[in-house]
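Shown next: query-v3.txt, containing compact mmCIF, C-alpha atoms and all ligand atoms.
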# COMPACT_ATOMS: atom_id res chain seq x y z
CA MET E 1 20.79 -23.71 -9.01
CA THR E 2 18.89 -20.94 -10.81
CA LYS E 3 20.04 -17.55 -9.59
CA PRO E 4 17.22 -15.96 -7.57
CA PHE E 5 17.89 -12.32 -8.50
CA THR E 6 18.01 -10.28 -11.68
CA GLN E 7 21.74 -9.59 -11.86
CA ASN E 8 21.59 -6.09 -13.34
CA LYS E 9 19.17 -5.00 -10.59
CA LEU E 10 21.59 -6.22 -7.94
CA ASP E 11 24.52 -4.58 -9.74
CA ARG E 12 22.90 -1.16 -9.58
CA CYS E 13 23.59 -0.72 -5.87
CA ILE E 14 26.79 1.28 -5.28
CA SER E 15 26.71 0.64 -1.51
CA CYS E 16 26.61 4.38 -0.73
CA GLY E 17 24.32 3.95 2.28
CA TYR E 18 22.05 6.93 1.49
CA CYS E 19 19.08 4.62 2.03
CA LEU E 20 19.93 3.72 5.62
CA PRO E 21 18.29 6.69 7.42
CA ALA E 22 15.06 6.14 5.44
CA CYS E 23 14.68 2.50 6.46
CA PRO E 24 12.31 1.78 9.38
CA THR E 25 13.90 -1.59 10.25
CA TYR E 26 17.36 -0.02 10.31
CA LYS E 27 15.99 2.75 12.55
CA LEU E 28 14.57 0.09 14.89
CA THR E 29 17.71 -2.01 15.17
CA GLY E 30 20.73 -0.04 13.98
CA ASN E 31 21.88 -3.30 12.32
CA GLU E 32 23.44 -3.03 8.88
CA GLU E 33 21.95 -6.35 7.78
CA SER E 34 18.44 -4.99 8.50
CA SER E 35 19.04 -2.05 6.15
CA PRO E 36 18.44 -1.95 2.37
CA ARG E 37 22.20 -1.95 1.69
CA GLY E 38 22.72 -4.83 4.11
CA ARG E 39 19.93 -6.88 2.56
CA ILE E 40 21.33 -6.29 -0.93
CA THR E 41 24.74 -7.47 0.34
CA LEU E 42 23.06 -10.66 1.61
CA MET E 43 21.25 -11.11 -1.73
CA ARG E 44 24.56 -10.75 -3.60
CA ALA E 45 26.21 -13.35 -1.36
CA VAL E 46 23.37 -15.80 -2.07
CA GLN E 47 23.45 -15.01 -5.79
CA ASP E 48 27.20 -15.75 -5.88
CA GLY E 49 26.80 -18.98 -3.91
CA LYS E 50 28.71 -17.65 -0.88
CA LEU E 51 25.71 -17.90 1.46
CA PRO E 52 22.91 -20.48 1.63
CA LEU E 53 19.43 -19.27 0.72
CA VAL E 54 18.19 -20.04 4.21
CA ASP E 55 20.30 -17.16 5.54
CA LEU E 56 18.04 -14.73 3.69
CA VAL E 57 14.81 -15.84 5.38
CA ARG E 58 15.09 -13.68 8.50
CA GLU E 59 15.61 -10.41 6.60
CA SER E 60 13.04 -11.40 3.98
CA ASN E 61 10.53 -11.65 6.85
CA PHE E 62 11.70 -8.54 8.73
CA CYS E 63 11.68 -6.12 5.75
CA LEU E 64 8.40 -4.19 5.58
CA GLY E 65 8.48 -3.82 1.81
CA CYS E 66 7.66 -0.13 2.27
CA ARG E 67 10.13 0.93 -0.47
CA ALA E 68 11.15 4.07 1.46
CA CYS E 69 14.67 3.17 0.30
CA GLU E 70 13.80 3.78 -3.37
CA PRO E 71 13.16 7.54 -3.70
CA VAL E 72 16.33 8.36 -1.71
CA CYS E 73 18.59 6.07 -3.75
CA PRO E 74 20.89 8.00 -6.13
CA ALA E 75 21.53 4.88 -8.22
CA GLY E 76 17.87 4.10 -8.89
CA VAL E 77 17.92 0.66 -7.25
CA GLU E 78 14.53 -1.01 -7.67
CA TYR E 79 14.52 -2.49 -4.20
CA GLY E 80 10.83 -3.42 -4.40
CA VAL E 81 11.56 -5.77 -7.30
CA LEU E 82 14.53 -7.29 -5.44
CA LEU E 83 12.34 -7.87 -2.39
CA GLU E 84 9.69 -9.58 -4.54
CA GLU E 85 12.44 -11.85 -5.91
CA MET E 86 13.74 -12.48 -2.39
CA ARG E 87 10.26 -13.54 -1.26
CA VAL E 88 9.87 -15.82 -4.32
CA ALA E 89 13.14 -17.51 -3.29
CA THR E 90 12.52 -17.68 0.46
CA TRP E 91 8.76 -17.98 0.98
CA THR E 92 8.34 -21.39 -0.63
CA GLY E 93 7.22 -24.75 0.74
CA LYS E 94 7.09 -24.85 4.51
CA ASN E 95 8.69 -21.39 4.73
CA ARG E 96 5.51 -19.83 3.31
CA PRO E 97 3.57 -18.55 6.32
CA LEU E 98 0.23 -20.31 6.91
CA ILE E 99 -1.65 -17.00 6.99
CA VAL E 100 -0.29 -16.18 3.54
CA ARG E 101 -1.37 -19.59 2.20
CA GLY E 102 -4.90 -19.01 3.52
CA LEU E 103 -5.06 -15.52 2.01
CA PHE E 104 -3.82 -16.81 -1.36
CA ILE E 105 -6.69 -19.30 -1.46
CA ALA E 106 -9.20 -16.59 -0.51
CA VAL E 107 -8.17 -13.93 -3.02
CA GLY E 108 -7.19 -16.43 -5.73
CA THR E 109 -10.76 -17.74 -5.96
CA LYS E 110 -13.14 -15.35 -7.70
CA PHE E 111 -16.10 -16.94 -5.96
CA ILE E 112 -14.65 -16.16 -2.51
CA VAL E 113 -13.65 -12.63 -3.57
CA ARG E 114 -17.24 -12.02 -4.66
CA LEU E 115 -18.47 -13.54 -1.43
CA LEU E 116 -16.35 -11.03 0.53
CA GLY E 117 -18.40 -8.24 -0.97
CA LEU E 118 -21.74 -10.02 -0.79
CA PHE E 119 -22.25 -9.47 2.92
CA SER E 120 -21.13 -5.85 2.94
CA PRO E 121 -23.07 -2.89 1.54
CA LEU E 122 -20.86 -2.37 -1.52
CA ALA E 123 -21.40 0.14 -4.27
CA LYS E 124 -23.97 -1.30 -6.68
CA ASN E 125 -23.13 -2.71 -10.12
CA ARG E 126 -23.47 -0.10 -12.81
CA LYS E 127 -22.29 0.60 -16.35
CA SER E 128 -21.25 4.14 -17.19
CA GLU E 129 -20.56 5.75 -20.52
CA GLY E 130 -16.88 6.47 -19.86
CA GLU E 131 -13.95 4.07 -19.95
CA VAL E 132 -13.21 4.19 -16.22
CA HIS E 133 -13.67 1.11 -14.04
CA LEU E 134 -13.53 1.07 -10.27
CA ALA E 135 -11.33 -1.68 -8.80
CA LEU E 136 -13.00 -2.78 -5.58
CA GLY E 137 -10.00 -4.36 -3.85
CA CYS E 138 -10.47 -7.68 -1.99
CA PHE E 139 -9.87 -6.44 1.53
CA GLU E 140 -11.39 -3.02 1.05
CA ARG E 141 -14.65 -4.54 -0.20
CA ALA E 142 -14.80 -6.79 2.85
CA LEU E 143 -13.58 -4.42 5.57
CA PHE E 144 -14.38 -0.92 4.30
CA PRO E 145 -17.21 -1.10 1.72
CA SER E 146 -18.10 2.53 2.51
CA VAL E 147 -15.09 3.56 0.40
CA SER E 148 -16.48 2.20 -2.89
CA LYS E 149 -19.90 3.59 -1.97
CA ALA E 150 -18.35 7.03 -1.49
CA VAL E 151 -16.63 6.85 -4.90
CA ALA E 152 -19.88 5.73 -6.55
CA ALA E 153 -21.63 8.77 -5.03
CA ILE E 154 -19.05 11.40 -5.98
CA GLU E 155 -17.80 9.98 -9.30
CA PRO E 156 -20.83 9.08 -11.44
CA ASN E 157 -18.72 8.45 -14.55
CA CYS E 158 -17.18 5.16 -13.51
CA SER E 159 -18.40 1.62 -14.10
CA ILE E 160 -18.61 -0.74 -11.15
CA SER E 161 -18.76 -4.52 -11.30
CA ALA E 162 -18.89 -6.89 -8.35
CA ASP E 163 -17.81 -9.66 -10.73
CA GLN E 164 -14.11 -8.82 -10.58
CA GLY E 165 -11.14 -10.76 -9.28
CA CYS E 166 -8.13 -9.78 -7.18
CA CYS E 167 -5.38 -7.58 -8.68
CA GLY E 168 -2.66 -9.99 -7.52
CA ALA E 169 -0.74 -7.54 -5.29
CA LEU E 170 -0.96 -9.95 -2.35
CA HIS E 171 0.60 -12.73 -4.43
CA ALA E 172 3.32 -10.51 -5.90
CA HIS E 173 4.43 -9.22 -2.50
CA ASN E 174 4.34 -12.60 -0.78
CA GLY E 175 6.37 -14.96 -2.95
CA GLU E 176 4.10 -15.60 -5.98
CA LEU E 177 5.32 -12.90 -8.34
CA GLU E 178 4.34 -14.51 -11.65
CA LYS E 179 0.87 -15.43 -10.38
CA GLY E 180 0.48 -11.85 -9.12
CA LYS E 181 1.31 -10.48 -12.58
CA GLU E 182 -1.09 -12.94 -14.25
CA MET E 183 -3.90 -11.81 -11.95
CA ALA E 184 -3.21 -8.16 -12.75
CA VAL E 185 -3.30 -8.88 -16.49
CA ALA E 186 -6.59 -10.79 -16.11
CA LEU E 187 -8.12 -7.90 -14.17
CA GLY E 188 -6.85 -5.46 -16.80
CA GLU E 189 -8.50 -7.49 -19.57
CA SER E 190 -11.81 -7.49 -17.71
CA MET E 191 -11.63 -3.70 -17.31
CA PRO E 192 -10.62 -2.10 -20.62
CA GLY E 193 -9.69 1.57 -20.33
CA THR E 194 -8.65 3.24 -17.09
CA ILE E 195 -8.68 1.35 -13.80
CA LEU E 196 -9.48 3.56 -10.82
CA SER E 197 -8.19 2.23 -7.50
CA THR E 198 -8.80 3.44 -3.96
CA ALA E 199 -5.99 1.28 -2.57
CA GLY E 200 -2.41 2.54 -2.94
CA GLY E 201 -0.93 -0.96 -2.79
CA CYS E 202 -3.24 -2.33 -5.51
CA ALA E 203 -2.74 0.76 -7.70
CA ALA E 204 1.06 0.44 -7.54
CA HIS E 205 0.99 -3.27 -8.39
CA LEU E 206 -1.49 -2.79 -11.24
CA SER E 207 0.50 0.06 -12.70
CA SER E 208 3.74 -1.95 -12.63
CA ALA E 209 2.02 -4.90 -14.36
CA LEU E 210 -0.24 -3.03 -16.82
CA GLY E 211 1.59 0.26 -17.33
CA ARG E 212 1.30 3.57 -15.52
CA ASP E 213 -1.15 5.05 -18.05
CA ARG E 214 -3.77 2.32 -17.43
CA VAL E 215 -4.10 2.98 -13.71
CA LYS E 216 -5.21 5.96 -11.64
CA GLU E 217 -5.18 6.03 -7.89
CA PHE E 218 -8.26 7.82 -6.58
CA SER E 219 -6.59 10.95 -5.13
CA GLU E 220 -4.54 11.64 -8.29
CA TRP E 221 -7.66 11.08 -10.35
CA TRP E 222 -9.74 13.45 -8.25
CA ALA E 223 -7.04 16.15 -7.97
CA ALA E 224 -6.74 16.28 -11.78
CA LYS E 225 -10.42 17.26 -11.99
CA GLU E 226 -9.67 20.46 -10.03
CA ALA E 227 -13.17 20.32 -8.55
CA VAL E 228 -14.08 22.97 -6.00
CA LEU E 229 -14.76 21.44 -2.58
CA ASN E 230 -16.48 22.88 0.45
CA PRO E 231 -14.71 22.64 3.80
CA ILE E 232 -16.26 20.38 6.44
CA ILE E 233 -17.35 22.53 9.38
CA LYS E 234 -17.56 21.37 12.99
CA SER E 235 -18.51 23.67 15.88
CA GLY E 236 -18.25 26.64 13.49
CA LYS E 237 -14.69 25.84 12.37
CA PRO E 238 -13.11 23.81 9.54
CA VAL E 239 -12.20 20.33 10.80
CA ARG E 240 -8.56 19.45 11.49
CA ILE E 241 -7.35 16.79 9.05
CA GLY E 242 -4.10 14.84 8.98
CA PHE E 243 -2.88 12.28 6.46
CA GLN E 244 -0.94 9.03 6.38
CA ASP E 245 0.78 8.22 3.07
CA SER E 246 0.48 4.80 1.46
CA CYS E 247 4.08 3.58 1.06
CA HIS E 248 3.55 1.99 -2.34
CA LEU E 249 1.57 4.95 -3.62
CA ARG E 250 4.23 7.44 -2.53
CA ASN E 251 7.41 5.44 -3.09
CA GLY E 252 6.20 3.35 -6.02
CA MET E 253 3.95 5.76 -7.95
CA GLY E 254 5.22 9.14 -6.71
CA VAL E 255 1.73 10.25 -5.58
CA PHE E 256 1.73 12.27 -2.36
CA LYS E 257 0.95 15.92 -3.20
CA GLU E 258 -2.49 15.16 -4.61
CA PRO E 259 -4.18 13.79 -1.45
CA ARG E 260 -2.72 16.67 0.59
CA ALA E 261 -4.09 19.24 -1.88
CA ILE E 262 -7.57 17.69 -1.64
CA LEU E 263 -7.48 17.59 2.16
CA ALA E 264 -6.29 21.21 2.39
CA SER E 265 -9.53 22.23 0.66
CA LEU E 266 -11.68 20.12 3.00
CA GLY E 267 -10.50 21.64 6.28
CA GLU E 268 -7.44 22.72 8.25
CA TYR E 269 -4.71 20.44 6.93
CA VAL E 270 -2.09 19.40 9.49
CA GLU E 271 1.00 17.45 8.36
CA VAL E 272 1.56 14.47 10.66
CA PRO E 273 5.26 14.05 11.59
CA ASP E 274 6.81 11.32 9.41
CA ALA E 275 3.52 10.89 7.51
CA SER E 276 5.57 9.38 4.68
CA GLY E 277 6.98 6.73 7.03
CA CYS E 278 5.40 3.27 7.08
CA CYS E 279 2.58 2.70 9.59
CA GLY E 280 3.62 -0.92 10.03
CA ALA E 281 0.64 -2.37 8.16
CA ALA E 282 2.73 -3.24 5.09
CA GLY E 283 0.38 -5.78 3.52
CA THR E 284 0.61 -9.00 5.52
CA TYR E 285 3.33 -7.62 7.85
CA ALA E 286 0.90 -6.57 10.60
CA LEU E 287 -0.38 -10.18 10.67
CA LEU E 288 2.98 -11.94 10.38
CA GLN E 289 5.23 -9.63 12.41
CA LYS E 290 2.82 -8.25 15.01
CA LYS E 291 5.43 -7.08 17.51
CA ASN E 292 7.61 -5.34 14.95
CA SER E 293 4.57 -3.83 13.27
CA ARG E 294 3.53 -2.26 16.59
CA LYS E 295 7.05 -0.97 17.21
CA VAL E 296 7.01 0.73 13.80
CA ILE E 297 3.71 2.53 14.47
CA SER E 298 4.18 3.46 18.14
CA GLN E 299 5.72 6.94 17.64
CA LYS E 300 3.14 7.74 14.97
CA VAL E 301 0.27 6.96 17.38
CA SER E 302 1.56 9.39 19.99
CA ASP E 303 2.24 12.07 17.33
CA ILE E 304 -1.33 11.76 16.04
CA ALA E 305 -2.71 11.91 19.59
CA ASP E 306 -0.79 15.18 20.22
CA LEU E 307 -2.24 16.81 17.08
CA LYS E 308 -5.86 16.43 18.27
CA LEU E 309 -7.15 15.84 14.75
CA ASP E 310 -10.79 15.34 13.84
CA TYR E 311 -9.86 13.07 10.92
CA LEU E 312 -6.84 11.12 9.79
CA ALA E 313 -7.19 10.44 6.07
CA THR E 314 -5.77 7.36 4.35
CA VAL E 315 -5.55 5.97 0.82
CA ASN E 316 -5.03 2.26 1.46
CA PRO E 317 -7.15 -0.27 3.39
CA GLY E 318 -4.18 -1.85 5.18
CA CYS E 319 -3.18 1.55 6.60
CA THR E 320 -6.81 2.24 7.56
CA ARG E 321 -7.09 -1.02 9.49
CA GLN E 322 -3.73 -0.60 11.21
CA LEU E 323 -4.37 3.02 12.25
CA LYS E 324 -7.94 2.35 13.38
CA THR E 325 -6.74 -0.57 15.52
CA GLU E 326 -3.75 1.17 17.09
CA LEU E 327 -5.44 4.55 17.67
CA LYS E 328 -8.38 2.80 19.33
CA ARG E 329 -6.01 0.76 21.50
CA ALA E 330 -4.34 4.01 22.61
CA GLY E 331 -7.70 5.73 23.30
CA VAL E 332 -7.23 8.35 20.55
CA ILE E 333 -10.61 9.51 19.21
CA THR E 334 -9.41 10.78 15.81
CA LYS E 335 -11.54 9.15 13.09
CA VAL E 336 -9.60 7.27 10.41
CA ILE E 337 -11.25 7.68 7.02
CA HIS E 338 -10.47 7.33 3.30
CA VAL E 339 -9.99 10.55 1.29
CA ALA E 340 -12.99 9.62 -0.92
CA GLU E 341 -15.23 9.28 2.14
CA LEU E 342 -14.20 12.74 3.34
CA ILE E 343 -15.07 14.25 -0.04
CA ALA E 344 -18.46 12.52 0.09
CA LEU E 345 -18.96 13.88 3.62
CA SER E 346 -18.24 17.43 2.42
CA GLN E 347 -20.97 17.09 -0.20
CA LYS E 348 -23.73 16.08 2.23
S1 LIG K 1 20.27 0.85 -2.37
FE1 LIG K 1 20.77 2.82 -3.32
S2 LIG K 1 21.01 4.24 -1.59
FE2 LIG K 1 21.11 2.15 -0.75
S3 LIG K 1 23.28 1.65 -0.70
FE3 LIG K 1 22.50 0.88 -2.66
S4 LIG K 1 22.84 2.54 -4.11
FE4 LIG K 1 23.06 3.44 -2.07
S1 LIG K 2 11.48 -1.76 1.92
FE1 LIG K 2 11.36 -0.47 3.78
S2 LIG K 2 11.99 -1.85 5.45
FE2 LIG K 2 12.61 -2.85 3.53
S3 LIG K 2 14.73 -2.20 3.17
FE3 LIG K 2 13.46 -0.69 2.06
S4 LIG K 2 13.10 0.97 3.56
FE4 LIG K 2 13.85 -0.82 4.73
Full structure transcribed into structure tokens:
Amino acid sequence: MTKPFTQNKLDRCISCGYCLPACPTYKLTGNEESSPRGRITLMRAVQDGKLPLVDLVRESNFCLGCRACEPVCPAGVEYGVLLEEMRVATWTGKNRPLIVRGLFIAVGTKFIVRLLGLFSPLAKNRKSEGEVHLALGCFERALFPSVSKAVAAIEPNCSISADQGCCGALHAHNGELEKGKEMAVALGESMPGTILSTAGGCAAHLSSALGRDRVKEFSEWWAAKEAVLNPIIKSGKPVRIGFQDSCHLRNGMGVFKEPRAILASLGEYVEVPDASGCCGAAGTYALLQKKNSRKVISQKVSDIADLKLDYLATVNPGCTRQLKTELKRAGVITKVIHVAELIALSQK
């Protein structure tokens, strides 16, 4: 049998356990096997033929893929890559969730991706002088088209094309790693120059497939401009703004100061407790592991309610959807909004 994991990536783990306190599924259960170290131990056992592959399925499903275990790891274990390999090995055939199969068909067909944007008021096609292209994101263009419209309004020097495919992040994170890389390369070829992304998950996948210098996530792009922003005023006072990190943006690309700096100039910035911790959206996780997803976000919802924020800013559509849904369910009136939309609001 072909070995499912890249051996030198498995070998990197020194079993120190520094990652355990950072792991949301370990916090939920206290079980070693639901920690990064425990999962790597299971992967090693499968790699060495001591455990059947089927014994990996449960933890492959339960792991959020948030990569909070990576920045705290002293040995530089690329857990995100190991998880992608684990999903390639475990989410095949009948083990591939039906929802994932349906989503693969949707985002893997350019016609359907275009259709997603057709019925929503997306930013209009345009060609700009510069070499910056806005990636529209499959789910963002369908669920939150106001984000690309906001970028079009505040960043005139980027080209926008509705005729673009999916970046492949969904495939890469759900058991189709090679296909996910191919899709990223195809998108990169259709957008020569810099790709600007408003979705942390897409930006992280594109940058791992195309190279960090080809991809800019919106908040890092905007922060580098050092533009002066006016605070948003409500009832004579600057609005109170909190922020939820995108796991892949923070843990995969190291971007977390930039959105906070922007928000601090738009109002009274309030750090949400454990803002760097996963909100439970985690790509398809909120659809596949509904109960666990809600357990992961429950403390965050009550923390946000206590802060009485006007806005909670996000940088990833999955987080936006999850927070909007759960805050509404809890009766919290804080508005969830993308950083780009808040900038656009400040310029009205
Ligand atoms: S993944 Fe990193 S932090 Fe966790 S046990 Fe292995 S070496 Fe230690
Ligand atoms: S990706 Fe997140 S849930 Fe999975 S092992 Fe790492 S910290 Fe835990």
Would you write out, as a Markdown table, a table of all residues in range 51-93 of chain E that have an atom no more than 12 Å from an atom of range 291-306 of chain E, listing for each the closest atom pair and the distance in Å to one decimal, considering all atoms listed in the file and ordering rows by chain and rising residue number?
| residue | atom | partner | partner_atom | distance |
| --- | --- | --- | --- | --- |
| E:Asn61 | CA | E:Asn292 | CA | 10.7 |
| E:Phe62 | CA | E:Asn292 | CA | 8.1 |
| E:Cys63 | CA | E:Asn292 | CA | 10.1 |
| E:Leu64 | CA | E:Ser293 | CA | 8.6 |
| E:Cys66 | CA | E:Val296 | CA | 11.6 |
- Find the distance between CA of Lys257 in chain E and CA of Gly242 in chain E and write it in Å to one decimal.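 Value for the CA of Lys257 in chain E-CA of Gly242 in chain E distance: 13.2 Å.
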- Task: Could you tell me how far CA of Ala204 in chain E lies from CA of Thr334 in chain E, in Å and to one decimal?
- Result: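 So the two atoms, CA of Ala204 in chain E and CA of Thr334 in chain E, lie 27.6 Å apart.
For the pair CA of Gly30 in chain E and CA of Gln289 in chain E, the interatomic distance is 18.3 Å.
Near ligand LIG 1 (chain K), at distances of 6 Å or less and with only C-alpha atoms and all ligand atoms counted, sit the residues Cys13, Ile14, Ser15, Cys16, Gly17, Tyr18, Cys19, Pro36, Arg37, Cys73, Pro74, Ala75 and Val77 of chain E.
Across E:Ser235, E:Thr198, E:Gln7, E:Thr90, the tightest approach to Phe144 in chain E is made by E:Thr198 when counting only C-alpha atoms.
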All residues having an atom within 8 Å of ligand LIG 2 (chain K) (only C-alpha atoms and all ligand atoms) as a PDB file with C-alpha atoms, in the frame of the given file:
ATOM      1  CA  CYS E  19      19.080   4.620   2.030  1.00  0.00           C
ATOM      2  CA  LEU E  20      19.930   3.720   5.620  1.00  0.00           C
ATOM      3  CA  ALA E  22      15.060   6.140   5.440  1.00  0.00           C
ATOM      4  CA  CYS E  23      14.680   2.500   6.460  1.00  0.00           C
ATOM      5  CA  PRO E  24      12.310   1.780   9.380  1.00  0.00           C
ATOM      6  CA  THR E  25      13.900  -1.590  10.250  1.00  0.00           C
ATOM      7  CA  TYR E  26      17.360  -0.020  10.310  1.00  0.00           C
ATOM      8  CA  SER E  34      18.440  -4.990   8.500  1.00  0.00           C
ATOM      9  CA  SER E  35      19.040  -2.050   6.150  1.00  0.00           C
ATOM     10  CA  PRO E  36      18.440  -1.950   2.370  1.00  0.00           C
ATOM     11  CA  ARG E  37      22.200  -1.950   1.690  1.00  0.00           C
ATOM     12  CA  ARG E  39      19.930  -6.880   2.560  1.00  0.00           C
ATOM     13  CA  PHE E  62      11.700  -8.540   8.730  1.00  0.00           C
ATOM     14  CA  CYS E  63      11.680  -6.120   5.750  1.00  0.00           C
ATOM     15  CA  LEU E  64       8.400  -4.190   5.580  1.00  0.00           C
ATOM     16  CA  GLY E  65       8.480  -3.820   1.810  1.00  0.00           C
ATOM     17  CA  CYS E  66       7.660  -0.130   2.270  1.00  0.00           C
ATOM     18  CA  ARG E  67      10.130   0.930  -0.470  1.00  0.00           C
ATOM     19  CA  ALA E  68      11.150   4.070   1.460  1.00  0.00           C
ATOM     20  CA  CYS E  69      14.670   3.170   0.300  1.00  0.00           C
ATOM     21  CA  GLU E  70      13.800   3.780  -3.370  1.00  0.00           C
ATOM     22  CA  TYR E  79      14.520  -2.490  -4.200  1.00  0.00           C
ATOM     23  CA  GLY E  80      10.830  -3.420  -4.400  1.00  0.00           C
ATOM     24  CA  LEU E  83      12.340  -7.870  -2.390  1.00  0.00           C
ATOM     25  CA  CYS E 278       5.400   3.270   7.080  1.00  0.00           C
TER      26      CYS E 278
END
- Item | Long-range neighbours of Met183 in chain E as JSON, numbers by chain, 9 Å cut-off, only C-alpha atoms, 6 positions minimum in chain | {"E": [108, 165, 166, 167, 168, 169, 171]}
Take range 256-272 of chain E, bring it up to N, CA and C atoms, and give me the output as an mmCIF file, in the coordinates of the input.
data_model
loop_
_atom_site.group_PDB
_atom_site.id
_atom_site.type_symbol
_atom_site.label_atom_id
_atom_site.label_comp_id
_atom_site.auth_asym_id
_atom_site.auth_seq_id
_atom_site.Cartn_x
_atom_site.Cartn_y
_atom_site.Cartn_z
ATOM 1 N N PHE E 256 1.849 11.850 -3.755
ATOM 2 C CA PHE E 256 1.730 12.270 -2.360
ATOM 3 C C PHE E 256 1.237 13.707 -2.221
ATOM 4 N N LYS E 257 1.429 14.533 -3.268
ATOM 5 C CA LYS E 257 0.950 15.920 -3.200
ATOM 6 C C LYS E 257 -0.568 15.969 -3.373
ATOM 7 N N GLU E 258 -1.077 15.113 -4.232
ATOM 8 C CA GLU E 258 -2.490 15.160 -4.610
ATOM 9 C C GLU E 258 -3.436 14.975 -3.420
ATOM 10 N N PRO E 259 -3.247 13.924 -2.583
ATOM 11 C CA PRO E 259 -4.180 13.790 -1.450
ATOM 12 C C PRO E 259 -4.082 14.971 -0.493
ATOM 13 N N ARG E 260 -2.883 15.513 -0.317
ATOM 14 C CA ARG E 260 -2.720 16.670 0.590
ATOM 15 C C ARG E 260 -3.465 17.888 0.041
ATOM 16 N N ALA E 261 -3.400 18.087 -1.277
ATOM 17 C CA ALA E 261 -4.090 19.240 -1.880
ATOM 18 C C ALA E 261 -5.606 19.105 -1.674
ATOM 19 N N ILE E 262 -6.127 17.903 -1.836
ATOM 20 C CA ILE E 262 -7.570 17.690 -1.640
ATOM 21 C C ILE E 262 -7.939 17.978 -0.184
ATOM 22 N N LEU E 263 -7.146 17.441 0.731
ATOM 23 C CA LEU E 263 -7.480 17.590 2.160
ATOM 24 C C LEU E 263 -7.386 19.044 2.604
ATOM 25 N N ALA E 264 -6.440 19.788 2.011
ATOM 26 C CA ALA E 264 -6.290 21.210 2.390
ATOM 27 C C ALA E 264 -7.540 22.006 2.011
ATOM 28 N N SER E 265 -8.306 21.511 1.017
ATOM 29 C CA SER E 265 -9.530 22.230 0.660
ATOM 30 C C SER E 265 -10.738 21.733 1.457
ATOM 31 N N LEU E 266 -10.554 20.664 2.224
ATOM 32 C CA LEU E 266 -11.680 20.120 3.000
ATOM 33 C C LEU E 266 -11.663 20.555 4.460
ATOM 34 N N GLY E 267 -10.590 21.219 4.883
ATOM 35 C CA GLY E 267 -10.500 21.640 6.280
ATOM 36 C C GLY E 267 -9.127 22.209 6.571
ATOM 37 N N GLU E 268 -8.773 22.239 7.860
ATOM 38 C CA GLU E 268 -7.440 22.720 8.250
ATOM 39 C C GLU E 268 -6.475 21.538 8.142
ATOM 40 N N TYR E 269 -5.605 21.576 7.121
ATOM 41 C CA TYR E 269 -4.710 20.440 6.930
ATOM 42 C C TYR E 269 -3.502 20.543 7.868
ATOM 43 N N VAL E 270 -3.231 19.449 8.556
ATOM 44 C CA VAL E 270 -2.090 19.400 9.490
ATOM 45 C C VAL E 270 -1.193 18.239 9.067
ATOM 46 N N GLU E 271 0.080 18.528 8.772
ATOM 47 C CA GLU E 271 1.000 17.450 8.360
ATOM 48 C C GLU E 271 1.404 16.635 9.597
ATOM 49 N N VAL E 272 1.162 15.366 9.561
ATOM 50 C CA VAL E 272 1.560 14.470 10.660
ATOM 51 C C VAL E 272 3.068 14.238 10.561
#
